[in-house]
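Next comes structure-v5.cif, with mmCIF, C-alpha atoms.
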```cif
data_work
loop_
_atom_site.label_atom_id
_atom_site.label_comp_id
_atom_site.auth_asym_id
_atom_site.auth_seq_id
_atom_site.Cartn_x
_atom_site.Cartn_y
_atom_site.Cartn_z
CA MET Q 1 -11.34 13.15 15.04
CA LYS Q 2 -8.12 11.65 16.35
CA THR Q 3 -5.08 13.80 15.83
CA SER Q 4 -2.23 11.55 16.86
CA PRO Q 5 -0.98 8.11 15.88
CA GLN Q 6 -2.29 5.09 17.75
CA THR Q 7 0.22 4.18 20.41
CA HIS Q 8 0.64 1.36 22.86
CA SER Q 9 -0.95 3.06 25.86
CA PRO Q 10 -1.94 1.53 29.21
CA SER Q 11 -5.57 1.52 28.05
CA SER Q 12 -4.72 -0.55 24.97
CA PRO Q 13 -5.17 -4.34 25.12
CA ILE Q 14 -1.85 -5.80 26.20
CA PRO Q 15 -0.44 -8.22 23.60
CA PRO Q 16 0.22 -11.73 24.93
CA GLU Q 17 3.73 -12.84 25.77
CA PRO Q 18 5.38 -14.45 22.71
CA THR Q 19 4.98 -18.22 22.61
CA LEU Q 20 5.87 -18.75 18.93
CA ALA Q 21 8.78 -17.79 16.71
CA ALA Q 22 6.65 -15.74 14.31
CA SER Q 23 3.14 -14.60 13.49
CA ILE Q 24 1.86 -13.66 10.05
CA VAL Q 25 -0.61 -10.76 10.37
CA LEU Q 26 -2.99 -10.35 7.44
CA PRO Q 27 -5.72 -7.69 7.13
CA CYS Q 28 -8.32 -8.19 4.41
CA ARG Q 29 -11.80 -7.21 3.26
CA ASN Q 30 -13.77 -8.47 0.25
CA GLU Q 31 -10.80 -10.18 -1.38
CA ALA Q 32 -12.72 -12.91 -3.25
CA GLY Q 33 -10.74 -13.82 -6.33
CA ARG Q 34 -7.45 -13.10 -4.55
CA ILE Q 35 -7.63 -14.58 -1.05
CA GLU Q 36 -7.41 -18.21 -2.16
CA ALA Q 37 -4.07 -17.82 -3.96
CA CYS Q 38 -2.74 -15.65 -1.14
CA LEU Q 39 -3.61 -18.15 1.58
CA GLU Q 40 -2.32 -21.07 -0.47
CA SER Q 41 1.07 -19.35 -0.65
CA ILE Q 42 0.92 -18.63 3.10
CA LEU Q 43 0.08 -22.23 3.97
CA GLU Q 44 3.10 -23.34 1.92
CA GLN Q 45 5.50 -21.24 4.03
CA GLU Q 46 8.47 -23.05 5.55
CA PRO Q 47 7.73 -22.80 9.30
CA PRO Q 48 10.60 -21.60 11.50
CA ALA Q 49 11.78 -23.55 14.51
CA GLY Q 50 9.59 -22.37 17.34
CA GLY Q 51 6.38 -22.34 15.35
CA LEU Q 52 4.36 -20.10 13.03
CA GLU Q 53 0.77 -18.87 13.18
CA VAL Q 54 -1.44 -16.90 10.79
CA VAL Q 55 -3.71 -14.20 12.24
CA VAL Q 56 -6.22 -12.84 9.71
CA ALA Q 57 -8.23 -9.70 10.56
CA ASP Q 58 -11.29 -9.69 8.32
CA GLY Q 59 -12.96 -6.32 7.74
CA MET Q 60 -16.49 -7.76 7.82
CA SER Q 61 -16.32 -9.11 4.26
CA THR Q 62 -19.58 -9.61 2.35
CA ASP Q 63 -18.37 -11.41 -0.79
CA GLY Q 64 -17.59 -14.88 0.57
CA THR Q 65 -14.10 -14.06 1.83
CA ARG Q 66 -15.15 -14.46 5.45
CA GLU Q 67 -16.70 -17.88 4.91
CA TYR Q 68 -13.62 -19.05 3.03
CA LEU Q 69 -11.35 -17.88 5.86
CA GLN Q 70 -13.44 -19.74 8.42
CA HIS Q 71 -13.26 -22.87 6.27
CA VAL Q 72 -9.45 -22.63 6.11
CA ALA Q 73 -9.19 -21.95 9.85
CA ALA Q 74 -11.28 -25.05 10.60
CA ARG Q 75 -8.81 -27.20 8.64
CA HIS Q 76 -5.59 -25.53 9.81
CA PRO Q 77 -5.31 -24.98 13.59
CA HIS Q 78 -2.50 -22.44 13.21
CA VAL Q 79 -4.82 -20.08 11.29
CA ARG Q 80 -7.02 -17.72 13.33
CA VAL Q 81 -9.65 -15.30 12.01
CA LEU Q 82 -10.50 -12.10 13.89
CA ASP Q 83 -13.12 -9.42 13.29
CA ASN Q 84 -11.97 -6.00 12.10
CA PRO Q 85 -15.07 -3.81 12.53
CA GLY Q 86 -13.04 -0.76 11.54
CA ARG Q 87 -12.72 -2.35 8.06
CA ILE Q 88 -9.56 -0.46 7.04
CA VAL Q 89 -6.01 -1.82 6.92
CA SER Q 90 -4.64 0.02 9.96
CA THR Q 91 -7.37 -1.19 12.34
CA GLY Q 92 -7.01 -4.72 10.98
CA LEU Q 93 -3.25 -4.71 11.44
CA ASN Q 94 -3.54 -3.44 15.00
CA ALA Q 95 -6.14 -6.08 15.90
CA ALA Q 96 -3.97 -8.86 14.46
CA ILE Q 97 -0.78 -7.56 16.10
CA ARG Q 98 -2.43 -7.36 19.52
CA ALA Q 99 -3.68 -10.94 19.19
CA ALA Q 100 -0.45 -12.36 17.74
CA ARG Q 101 1.69 -14.72 19.82
CA GLY Q 102 4.90 -14.56 17.79
CA ALA Q 103 8.14 -12.90 18.82
CA VAL Q 104 8.44 -11.68 15.22
CA LEU Q 105 5.53 -10.19 13.25
CA VAL Q 106 5.41 -10.68 9.48
CA ARG Q 107 2.87 -8.51 7.73
CA MET Q 108 1.17 -9.76 4.57
CA ASP Q 109 -1.62 -8.45 2.32
CA ALA Q 110 -4.36 -10.43 0.61
CA HIS Q 111 -3.72 -9.17 -2.94
CA THR Q 112 -0.21 -10.64 -2.95
CA ILE Q 113 1.28 -14.11 -3.26
CA TYR Q 114 4.47 -15.07 -1.45
CA ALA Q 115 7.49 -17.23 -2.18
CA PRO Q 116 7.60 -20.41 -0.02
CA ASP Q 117 10.67 -19.07 1.79
CA TYR Q 118 9.22 -15.58 2.39
CA VAL Q 119 8.95 -15.91 6.17
CA ARG Q 120 12.29 -17.71 6.46
CA GLN Q 121 14.06 -15.00 4.48
CA CYS Q 122 12.38 -12.24 6.50
CA LEU Q 123 13.65 -13.78 9.73
CA ALA Q 124 17.12 -14.33 8.28
CA VAL Q 125 17.47 -10.77 6.96
CA LEU Q 126 16.11 -9.37 10.23
CA ARG Q 127 18.75 -11.34 12.14
CA GLU Q 128 21.65 -10.69 9.75
CA THR Q 129 21.17 -6.93 9.34
CA GLY Q 130 19.99 -6.03 12.82
CA ALA Q 131 17.39 -3.79 11.19
CA ASP Q 132 14.12 -2.97 12.93
CA ASN Q 133 11.98 -3.60 9.84
CA VAL Q 134 12.76 -5.64 6.73
CA GLY Q 135 10.93 -6.35 3.49
CA GLY Q 136 11.37 -7.08 -0.17
CA PRO Q 137 10.90 -5.07 -3.36
CA MET Q 138 7.44 -4.64 -4.83
CA GLN Q 139 7.27 -7.09 -7.70
CA THR Q 140 3.97 -7.18 -9.58
CA THR Q 141 1.77 -9.71 -11.33
CA ALA Q 142 -1.14 -9.36 -13.75
CA ASP Q 143 -3.81 -11.38 -15.54
CA THR Q 144 -5.54 -9.00 -17.95
CA PHE Q 145 -4.23 -6.67 -20.64
CA MET Q 146 -4.96 -3.58 -18.52
CA GLU Q 147 -3.24 -5.08 -15.50
CA GLN Q 148 -0.18 -5.80 -17.64
CA ALA Q 149 -0.12 -2.14 -18.69
CA ILE Q 150 -0.36 -1.01 -15.07
CA CYS Q 151 2.46 -3.39 -14.12
CA ALA Q 152 4.63 -1.98 -16.90
CA VAL Q 153 4.23 1.57 -15.57
CA PHE Q 154 4.51 0.54 -11.94
CA HIS Q 155 8.29 0.22 -11.96
CA CYS Q 156 9.03 3.40 -13.92
CA PRO Q 157 10.43 6.10 -11.59
CA TRP Q 158 9.16 8.90 -13.86
CA ALA Q 159 5.63 7.57 -13.48
CA VAL Q 160 5.44 6.62 -9.81
CA GLY Q 161 8.37 8.47 -8.21
CA GLY Q 162 11.75 7.17 -7.18
CA ALA Q 163 10.80 5.05 -4.16
CA ARG Q 164 13.33 2.26 -3.63
CA SER Q 165 10.53 -0.22 -2.92
CA HIS Q 166 9.62 -0.07 -6.64
CA ARG Q 167 13.18 -1.02 -7.64
CA ILE Q 168 13.16 -4.81 -7.82
CA ASP Q 169 16.98 -5.01 -7.86
CA TYR Q 170 17.64 -2.74 -4.86
CA GLU Q 171 19.33 -4.23 -1.79
CA GLY Q 172 20.10 -2.01 1.17
CA TYR Q 173 18.73 0.44 3.70
CA ALA Q 174 15.59 2.37 2.79
CA ASP Q 175 13.03 4.79 4.21
CA THR Q 176 10.18 2.30 3.82
CA VAL Q 177 9.48 -1.21 2.55
CA ILE Q 178 6.29 -2.92 1.49
CA TYR Q 179 4.50 -4.93 4.18
CA GLY Q 180 7.32 -5.39 6.70
CA CYS Q 181 8.68 -7.73 9.34
CA TRP Q 182 9.48 -6.59 12.89
CA GLN Q 183 10.40 -7.82 16.31
CA ARG Q 184 7.20 -7.26 18.31
CA ARG Q 185 9.09 -4.98 20.72
CA VAL Q 186 9.19 -2.36 17.93
CA PHE Q 187 5.49 -1.74 18.55
CA ASP Q 188 6.09 -1.35 22.28
CA ARG Q 189 8.64 1.34 21.44
CA ILE Q 190 6.94 3.40 18.71
CA GLY Q 191 3.29 2.36 18.85
CA PHE Q 192 0.85 0.72 16.49
CA PHE Q 193 -0.41 1.82 13.07
CA ASP Q 194 -2.27 5.12 12.94
CA GLU Q 195 -5.96 4.26 12.70
CA GLU Q 196 -6.83 7.69 11.34
CA LEU Q 197 -5.13 6.80 8.06
CA VAL Q 198 -7.04 4.90 5.38
CA ARG Q 199 -3.90 4.96 3.21
CA ASN Q 200 -0.19 5.59 3.85
CA GLN Q 201 -0.26 3.89 7.26
CA ASP Q 202 2.91 1.99 6.28
CA ASP Q 203 4.81 5.15 5.36
CA GLU Q 204 3.71 6.89 8.55
CA HIS Q 205 4.71 3.98 10.78
CA ASN Q 206 8.08 3.64 9.05
CA LEU Q 207 8.61 7.39 9.43
CA ARG Q 208 8.10 7.07 13.18
CA LEU Q 209 10.49 4.12 13.21
CA VAL Q 210 13.26 6.01 11.40
CA ARG Q 211 12.76 9.12 13.54
CA SER Q 212 13.15 6.99 16.66
CA GLY Q 213 16.56 5.83 15.42
CA GLY Q 214 15.40 2.59 13.81
CA LYS Q 215 16.63 1.12 10.53
CA ILE Q 216 14.72 -0.36 7.59
CA TYR Q 217 16.29 -2.82 5.16
CA GLN Q 218 15.11 -4.03 1.75
CA SER Q 219 16.37 -7.38 0.46
CA THR Q 220 15.86 -9.02 -2.92
CA ARG Q 221 15.80 -12.37 -1.08
CA ILE Q 222 12.34 -11.51 0.29
CA ARG Q 223 10.09 -12.22 -2.68
CA SER Q 224 6.39 -11.56 -3.23
CA TRP Q 225 4.16 -10.61 -6.16
CA TYR Q 226 1.56 -7.88 -5.75
CA HIS Q 227 -1.57 -8.04 -7.93
CA VAL Q 228 -2.20 -4.54 -9.28
CA ARG Q 229 -5.58 -2.85 -9.68
CA GLY Q 230 -7.61 -4.15 -12.60
CA SER Q 231 -8.96 -0.97 -14.20
CA LEU Q 232 -8.12 2.67 -14.82
CA ARG Q 233 -10.97 3.72 -12.52
CA THR Q 234 -9.73 1.77 -9.51
CA LEU Q 235 -6.11 2.76 -10.20
CA PHE Q 236 -7.12 6.44 -10.28
CA ARG Q 237 -9.05 6.09 -7.01
CA GLN Q 238 -6.12 4.29 -5.38
CA TYR Q 239 -3.66 7.07 -6.18
CA LEU Q 240 -6.27 9.71 -5.39
CA GLN Q 241 -6.28 8.33 -1.85
CA TYR Q 242 -2.49 8.03 -1.70
CA GLY Q 243 -2.12 11.71 -2.51
CA TYR Q 244 -4.91 12.73 -0.16
CA TRP Q 245 -3.70 10.87 2.92
CA LYS Q 246 -0.06 11.79 2.29
CA VAL Q 247 -0.99 15.36 3.21
CA LEU Q 248 -2.21 14.25 6.64
CA VAL Q 249 1.06 12.37 7.26
CA ILE Q 250 3.02 15.49 6.27
CA ARG Q 251 0.87 17.67 8.53
CA LYS Q 252 1.08 15.34 11.52
CA HIS Q 253 4.87 15.11 11.38
CA ARG Q 254 5.53 18.64 10.08
CA LEU Q 255 7.50 17.28 7.15
CA PRO Q 256 8.60 19.27 4.12
CA ALA Q 257 6.90 17.77 1.06
CA SER Q 258 9.36 16.21 -1.38
CA ILE Q 259 9.45 17.14 -5.06
CA ARG Q 260 7.84 13.84 -6.09
CA HIS Q 261 4.83 14.66 -3.90
CA LEU Q 262 4.54 18.24 -5.15
CA VAL Q 263 4.91 17.86 -8.92
CA PRO Q 264 1.60 16.03 -9.61
CA GLY Q 265 -0.28 18.53 -7.46
CA LEU Q 266 1.40 21.48 -9.17
CA LEU Q 267 0.44 20.07 -12.58
CA VAL Q 268 -3.21 19.54 -11.64
CA GLY Q 269 -3.37 22.87 -9.82
CA ALA Q 270 -1.83 24.81 -12.71
CA LEU Q 271 -4.19 23.30 -15.28
CA GLY Q 272 -7.21 23.91 -13.07
CA LEU Q 273 -6.23 27.48 -12.24
CA LEU Q 274 -5.49 28.36 -15.86
CA ALA Q 275 -8.82 26.89 -16.94
CA VAL Q 276 -10.71 29.01 -14.40
CA VAL Q 277 -8.76 32.16 -15.26
CA GLY Q 278 -9.42 31.41 -18.92
CA LEU Q 279 -13.13 31.96 -18.35
CA PHE Q 280 -12.35 35.63 -17.77
CA TRP Q 281 -9.07 36.03 -19.64
CA PRO Q 282 -8.96 33.81 -22.78
CA PRO Q 283 -5.14 33.83 -23.21
CA ALA Q 284 -4.93 31.66 -20.08
CA LEU Q 285 -6.69 28.89 -22.01
CA TRP Q 286 -3.88 28.92 -24.57
CA THR Q 287 -1.37 28.53 -21.74
CA ALA Q 288 -3.41 25.66 -20.28
CA GLY Q 289 -3.56 24.03 -23.70
CA GLY Q 290 0.19 24.40 -24.12
CA LEU Q 291 0.85 22.85 -20.71
CA ALA Q 292 -1.55 19.98 -21.45
CA THR Q 293 0.10 19.40 -24.84
CA LEU Q 294 3.55 19.38 -23.24
CA TYR Q 295 2.41 16.85 -20.64
CA ALA Q 296 0.76 14.66 -23.28
CA GLY Q 297 3.96 14.68 -25.33
CA LEU Q 298 6.08 13.73 -22.33
CA ALA Q 299 3.61 10.99 -21.34
CA LEU Q 300 3.63 9.60 -24.87
CA GLY Q 301 7.44 9.59 -24.98
CA LEU Q 302 7.60 7.88 -21.60
CA SER Q 303 4.98 5.36 -22.75
CA LEU Q 304 7.03 4.54 -25.83
CA THR Q 305 10.10 3.93 -23.68
CA ILE Q 306 8.13 1.65 -21.35
CA ALA Q 307 6.51 -0.22 -24.27
CA ILE Q 308 9.87 -0.88 -25.93
CA ARG Q 309 11.21 -2.23 -22.66
CA THR Q 310 8.15 -4.40 -21.96
CA ARG Q 311 5.56 -5.00 -24.69
CA LEU Q 312 4.75 -2.77 -27.68
CA THR Q 313 1.07 -3.73 -27.81
CA LEU Q 314 0.60 -1.96 -24.46
CA LEU Q 315 1.47 1.41 -25.99
CA PRO Q 316 -2.11 2.63 -26.72
CA VAL Q 317 -3.14 2.49 -23.06
CA LEU Q 318 0.13 3.40 -21.32
CA PRO Q 319 -0.45 7.20 -21.52
CA LEU Q 320 -3.82 6.69 -19.81
CA VAL Q 321 -2.21 4.61 -17.07
CA ILE Q 322 0.48 7.25 -16.50
CA GLY Q 323 -2.22 9.91 -16.36
CA CYS Q 324 -4.10 7.96 -13.68
CA PHE Q 325 -0.98 7.82 -11.52
CA HIS Q 326 -0.20 11.53 -11.91
CA PHE Q 327 -3.64 13.15 -11.99
CA GLY Q 328 -5.07 10.85 -9.31
CA TYR Q 329 -2.20 11.57 -6.92
CA GLY Q 330 -2.10 15.26 -7.84
CA TYR Q 331 -5.80 15.93 -7.31
CA GLY Q 332 -5.81 13.89 -4.10
CA PHE Q 333 -2.84 15.87 -2.77
CA LEU Q 334 -4.56 19.20 -3.52
CA ARG Q 335 -7.81 18.03 -1.93
CA GLY Q 336 -5.84 16.87 1.11
CA ILE Q 337 -4.31 20.34 1.45
CA LEU Q 338 -7.81 21.82 1.34
CA ASP Q 339 -9.31 19.43 3.89
CA PHE Q 340 -6.43 18.86 6.32
CA VAL Q 341 -4.40 22.08 6.11
CA LEU Q 342 -6.69 24.94 5.06
CA LEU Q 343 -10.09 23.87 6.43
CA ARG Q 344 -8.95 21.36 9.08
CA ASN Q 345 -11.97 19.24 8.21
CA ALA Q 346 -12.66 15.59 8.84
CA PRO Q 347 -11.75 13.38 5.85
CA SER Q 348 -14.14 13.61 2.90
CA ALA Q 349 -16.23 10.47 2.28
CA PRO Q 350 -14.90 9.63 -1.23
CA PHE Q 351 -11.37 9.42 0.16
CA VAL Q 352 -12.35 7.02 2.94
CA ARG Q 353 -14.03 4.37 0.79
CA LEU Q 354 -11.93 1.33 -0.09
CA THR Q 355 -10.84 1.15 -3.73
CA ARG Q 356 -10.57 -2.57 -4.45
CA GLU Q 357 -13.15 -3.82 -6.89
CA ARG Q 358 -15.39 -6.57 -5.61
CA HIS Q 359 -14.50 -9.81 -7.31
CA THR Q 360 -16.64 -12.87 -7.86
CA LYS Q 361 -17.61 -15.03 -4.93
CA VAL Q 362 -14.85 -17.20 -3.51
CA GLY Q 363 -14.69 -20.43 -5.44
CA GLU Q 364 -16.11 -18.96 -8.67
CA ALA Q 365 -14.04 -18.15 -11.73
CA SER Q 366 -12.97 -14.53 -12.04
CA SER Q 367 -14.17 -12.74 -15.11
#
```
Take the structure I supplied and represent it as structure tokens, if you would.
Amino acid sequence: MKTSPQTHSPSSPIPPEPTLAASIVLPCRNEAGRIEACLESILEQEPPAGGLEVVVADGMSTDGTREYLQHVAARHPHVRVLDNPGRIVSTGLNAAIRAARGAVLVRMDAHTIYAPDYVRQCLAVLRETGADNVGGPMQTTADTFMEQAICAVFHCPWAVGGARSHRIDYEGYADTVIYGCWQRRVFDRIGFFDEELVRNQDDEHNLRLVRSGGKIYQSTRIRSWYHVRGSLRTLFRQYLQYGYWKVLVIRKHRLPASIRHLVPGLLVGALGLLAVVGLFWPPALWTAGGLATLYAGLALGLSLTIAIRTRLTLLPVLPLVIGCFHFGYGYGFLRGILDFVLLRNAPSAPFVRLTRERHTKVGEASS
């Protein structure tokens, strides 16, 4: 198993000299139901002087995404489709970056749609601030009732932590931004994305950037809309992986874990430990019940606050959504400690599998 981030070494394929102003790099796999809207918004981008290309790294899709990408590439010469046999985001990003011909690299994701001036604003903010990486806040979009509930919770700091990227009104320097836009020389300096990471590759790369003296800037002018997970099951699995892989980032860089990373794990660990102790000492079950009741009360109060601010009809499912964020991340974090810190094992299979649900075939209506 690899133990260090992927870097730009002499054995790595040498990226071509820049011949365009910018390249959009887009990793994807099995994004039927999302890829069409994403690419439509990309094709509507205002091209900068000097030219723009789109490099898509497809993770061997099996749901019609690949065929759709090839169809688009045949009609639009500035769109190229590459294979990503590694299938995960980090390997796809690295493949696209190495093949890109732009002086500036603009990362995009397939489950997001972008304002027509997204690329233009990225380039402008990059130039005006002198930052090494720029991006916008994580705005969300939803179709179904459950997705609307997940969106409502998504921007609550008590539910998902206090990351500035979740604050849609924040403008200024930050530790990380979603997606990102860089001068390509940044990758010569600090290396590519860590291909050991299924999740958290953005955070890890931004951590390396900041530690090297770089700056990251978030601007409200850079607008996109992320489509959240569509069910409690996939949301739980997503945050399970976030918690799990965060431990490996912490271990690699010898970071102290922040309070927002520790609290979900402490909650899950305390409930689990009390339940086990309760098998031999019944009073521990009363303590576990009290802790669970306290958490349920706090989650219900937080849900009521969110529902009043957004939509009251969401209230019945909001506590479940909050629980998915907290218990998914908490259990994943504890399991990551077990695998990466205590046992020093290779990643467990359930934490490597991708969490996006397969949608209908491209061109069919989504259910």
- prompt: Quick one: of Q:Tyr114, Q:Phe280, Q:Tyr179, Q:Trp158, who's nearest to Ile306 (chain Q), counting all atoms listed in the file?
  reply: Q:Trp158
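Each of Q:Tyr217, Q:Gln148, Q:Asn133, Q:Arg208 was checked against Gly172 (chain Q) using all atoms listed in the file; the smallest atom-to-atom distance is that of Q:Tyr217.
Shortest atom-to-atom contact with Gly86 (chain Q) among Q:Val153, Q:Ala100, Q:Ala159, Q:Val198: Q:Val198, counting all atoms listed in the file.
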- request: Go through Q:Val321, Q:Leu123, Q:Leu197, Q:Met138 one by one, measure the shortest atom-to-atom distance of each to Lys246 (chain Q) using all atoms listed in the file, and give the residue with the smallest value.
  value: Q:Leu197
- request: Using the chain letters and residue numbers of this document, give as a ChimeraX atom specification the residues selected by the PyMOL selection byres ((chain Q and resi 145) around 10).
  value: /Q:142-144,146-151,230-231,313-314,317
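Between CA of Val106 (chain Q) and CA of Tyr68 (chain Q) the separation is 21.8 Å.
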Dump as CSV the rows for residues of region 15-57 of chain Q within 8 Å of region 109-112 of chain Q: closest atom pair and distance in Å with one decimal, only C-alpha atoms counted, ordered by chain and rising residue number.
```
residue,atom,partner,partner_atom,distance
Q:Leu26,CA,Q:Asp109,CA,5.6
Q:Pro27,CA,Q:Asp109,CA,6.4
Q:Cys28,CA,Q:Ala110,CA,5.9
Q:Glu31,CA,Q:Ala110,CA,6.7
Q:Arg34,CA,Q:His111,CA,5.7
Q:Ile35,CA,Q:Ala110,CA,5.5
Q:Cys38,CA,Q:Ala110,CA,5.7
Q:Leu39,CA,Q:Ala110,CA,7.8
```
C-alpha atoms of the current selection, written as a PDB file, in the frame of the given file:
```pdb
ATOM      1  CA  LEU Q  26      -2.990 -10.350   7.440  1.00  0.00           C
ATOM      2  CA  PRO Q  27      -5.720  -7.690   7.130  1.00  0.00           C
ATOM      3  CA  CYS Q  28      -8.320  -8.190   4.410  1.00  0.00           C
ATOM      4  CA  GLU Q  31     -10.800 -10.180  -1.380  1.00  0.00           C
ATOM      5  CA  ARG Q  34      -7.450 -13.100  -4.550  1.00  0.00           C
ATOM      6  CA  ILE Q  35      -7.630 -14.580  -1.050  1.00  0.00           C
ATOM      7  CA  CYS Q  38      -2.740 -15.650  -1.140  1.00  0.00           C
ATOM      8  CA  LEU Q  39      -3.610 -18.150   1.580  1.00  0.00           C
TER       9      LEU Q  39
END
```
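We find CA of Thr176 (chain Q) and CA of Gly213 (chain Q) to be spaced 13.7 Å apart.
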- request: Could you expand the PyMOL selection byres ((chain Q and resi 92) around 12) into the explicit residues it covers here, written as number ranges by chain?
  value: Q: 25-29, 55-60, 81-91, 93-99, 107-109, 192-195, 198, 201
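The residue that comes closest to Pro347 (chain Q), out of Q:Gln241, Q:Asn30, Q:Gln139, Q:Ser303 and on the basis of all atoms listed in the file, is Q:Gln241.
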field: Picked residues, the PyMOL selection byres ((chain Q and resi 187) around 12), expected as number ranges by chain
entry: Q: 6-9, 14-15, 93-94, 97-98, 103-105, 132-133, 181-186, 188-194, 205-206, 208-209, 212, 214
Can you report as AutoDock Vina command-line options the centre and edge lengths in Å, to one decimal, of an axis-aligned box around the listed atoms of region 170-175 of chain Q padded with 4 Å on each side?
```
--center_x 16.6 --center_y 0.3 --center_z -0.3 --size_x 15.1 --size_y 17.0 --size_z 17.1
```
Please reconstruct the missing atoms of region 114-125 of chain Q (target: N, CA and C atoms) and return them as an mmCIF file, in the coordinates of the input.
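The result, written out as result-v7.cif:
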```cif
data_model
loop_
_atom_site.group_PDB
_atom_site.id
_atom_site.type_symbol
_atom_site.label_atom_id
_atom_site.label_comp_id
_atom_site.auth_asym_id
_atom_site.auth_seq_id
_atom_site.Cartn_x
_atom_site.Cartn_y
_atom_site.Cartn_z
ATOM 1 N N TYR Q 114 3.171 -15.098 -2.105
ATOM 2 C CA TYR Q 114 4.470 -15.070 -1.450
ATOM 3 C C TYR Q 114 5.289 -16.310 -1.779
ATOM 4 N N ALA Q 115 6.584 -16.108 -1.962
ATOM 5 C CA ALA Q 115 7.490 -17.230 -2.180
ATOM 6 C C ALA Q 115 7.458 -18.152 -0.963
ATOM 7 N N PRO Q 116 7.659 -19.472 -1.156
ATOM 8 C CA PRO Q 116 7.600 -20.410 -0.020
ATOM 9 C C PRO Q 116 8.585 -20.085 1.101
ATOM 10 N N ASP Q 117 9.683 -19.410 0.765
ATOM 11 C CA ASP Q 117 10.670 -19.070 1.790
ATOM 12 C C ASP Q 117 10.534 -17.628 2.271
ATOM 13 N N TYR Q 118 9.392 -16.998 2.033
ATOM 14 C CA TYR Q 118 9.220 -15.580 2.390
ATOM 15 C C TYR Q 118 9.465 -15.347 3.877
ATOM 16 N N VAL Q 119 8.790 -16.107 4.732
ATOM 17 C CA VAL Q 119 8.950 -15.910 6.170
ATOM 18 C C VAL Q 119 10.380 -16.234 6.597
ATOM 19 N N ARG Q 120 10.923 -17.329 6.091
ATOM 20 C CA ARG Q 120 12.290 -17.710 6.460
ATOM 21 C C ARG Q 120 13.288 -16.627 6.094
ATOM 22 N N GLN Q 121 13.143 -16.057 4.908
ATOM 23 C CA GLN Q 121 14.060 -15.000 4.480
ATOM 24 C C GLN Q 121 13.865 -13.728 5.302
ATOM 25 N N CYS Q 122 12.616 -13.409 5.644
ATOM 26 C CA CYS Q 122 12.380 -12.240 6.500
ATOM 27 C C CYS Q 122 13.114 -12.392 7.830
ATOM 28 N N LEU Q 123 12.986 -13.553 8.444
ATOM 29 C CA LEU Q 123 13.650 -13.780 9.730
ATOM 30 C C LEU Q 123 15.163 -13.749 9.591
ATOM 31 N N ALA Q 124 15.672 -14.312 8.488
ATOM 32 C CA ALA Q 124 17.120 -14.330 8.280
ATOM 33 C C ALA Q 124 17.667 -12.920 8.069
ATOM 34 N N VAL Q 125 17.003 -12.131 7.230
ATOM 35 C CA VAL Q 125 17.470 -10.770 6.960
ATOM 36 C C VAL Q 125 17.350 -9.905 8.216
#
```
